[in-house]
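Inspection log for the structure reproduced underneath, given as C-alpha cells.
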Amino acid sequence: MERTFIMIKPDGVQRGLIGDIISRFERRGLKLIAMRFMNVSRELAEAHYAVHKGRPFYNGLIDYITSGPVVAMVWEGPNAIAIARNTMGVTHPLQAAAGTIRGDFGVEIGRNLVHGSDGPETAAFEIGLWFGEDDMVDWERSTERWIRE
Ligand code: IDP
Ligand code: MG
C-alpha cells in the first residue's frame, strides 16, 4: 500500500475546481487519508520545492504557490503515486492527455492546478513536511471490496 501527497494549487482553488479535482481521485479509487485547506508560508513552499531551487521558474513557482490557499491531501492505494500522477496528467497541460486534470483544465505549465509526489522518497518527505502522523485518518471504506480484489 502506498501513500502520496497531493495538493490543489491556488489556481485550482480560485477557479472553483476543488470539488472537481478531489472527485477525480475519489472516483479513481484512491482513499483519502488526510486533508487540510490552508495558506502556504514562503518557508513551506521553499522546503516543498527545494529540488527546483536555482531553476529559472523557481521564484515564480514560489510566488504562485503562496498566492492563495491550497488544499493539501494524502491519498492511499496500491501504486497511489503513479495512479495519482496519471490522473493528474504530465506537467505541461499542453502535453497532458484529455481526461486528466491538467489536460482538461490547464493551458500553461505555470498554472497546472495540482501537485502530486513523483516517487516513494518524495512522497514520504512531502507527507512529513505538510502533515503530522496524527493528521492521518484511520478508516475503513465500505466500498473497498468493489475497488480492490
Ligand atoms: P510536476 O509538478 O509535474 O512534478 P516538476 O517538474 O516537478 O513537475 O515542476 C514542479 C512545478 O513547477 C510544476 O508543476 C509547475 O507548476 C512548475 N514548473 C515546472 N517547470 C516550469 C516552467 O518551465 N515554467 C513555469 N513553471 C514551471
Ligand atoms: Mg515534481
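Going through the C-alpha cells in order, the chains are called A, B, and so on, while each chain numbers its residues from 1 and the ligands are numbered from 1 in the order shown.
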* **Exercise: A:Leu61 partners within 9 Å, only C-alpha atoms, chain neighbours under 3 positions left out, as a PyMOL selection string** => chain A and resi 45+49+57-58+64-66+110
* Asked: Contacts of A:Glu126 at 10 Å or less, counting only C-alpha atoms, minus same-chain residues fewer than 3 places along, as a ChimeraX atom specification?
  -> /A:4-6,47-49,74,116-117,120-123,129-131
* Measuring atom to atom with only C-alpha atoms, identify which of A:Asp20, A:Gln14, A:Met73, A:Pro78 is nearest to A:Ile147. => A:Pro78
* To do: Could the residues that lie within 12 Å of ligand 1, counting only C-alpha atoms and all ligand atoms, be listed as number ranges by chain?
  => A: 5-12, 45-46, 48-65, 81-82, 84-93, 95-96, 101-102, 106-119, 122-123
* When DSSP works through the backbone of this structure, what residues of chain A end up as strand (DSSP E), shown as JSON, numbers by chain? -> {"A": [2, 3, 4, 5, 6, 7, 8, 31, 32, 33, 34, 35, 36, 37, 38, 70, 71, 72, 73, 74, 75, 76, 77, 114, 115, 116]}
* Structure fact -> A straight line from atom CA of A:Leu17 to atom CA of A:Ala124 spans 26.3 Å
* Would you return as a ChimeraX atom specification the members of chain A that DSSP assigns to alpha helix (DSSP H) on this structure's backbone? => /A:10-14,18-28,42-48,58-65,80-88,101-105,120-130,144-147
* Quick one: everything within 7 Å of A:Trp75, counting only C-alpha atoms, minus sequence neighbours fewer than 3 positions away in the same chain. Send it as number ranges by chain. => A: 3-5, 30-33
* Name the closest residue to A:Met35 among the candidates A:Glu2, A:Glu149, A:Glu144, A:Asp134; distances are taken between atoms, counting only C-alpha atoms. => A:Asp134
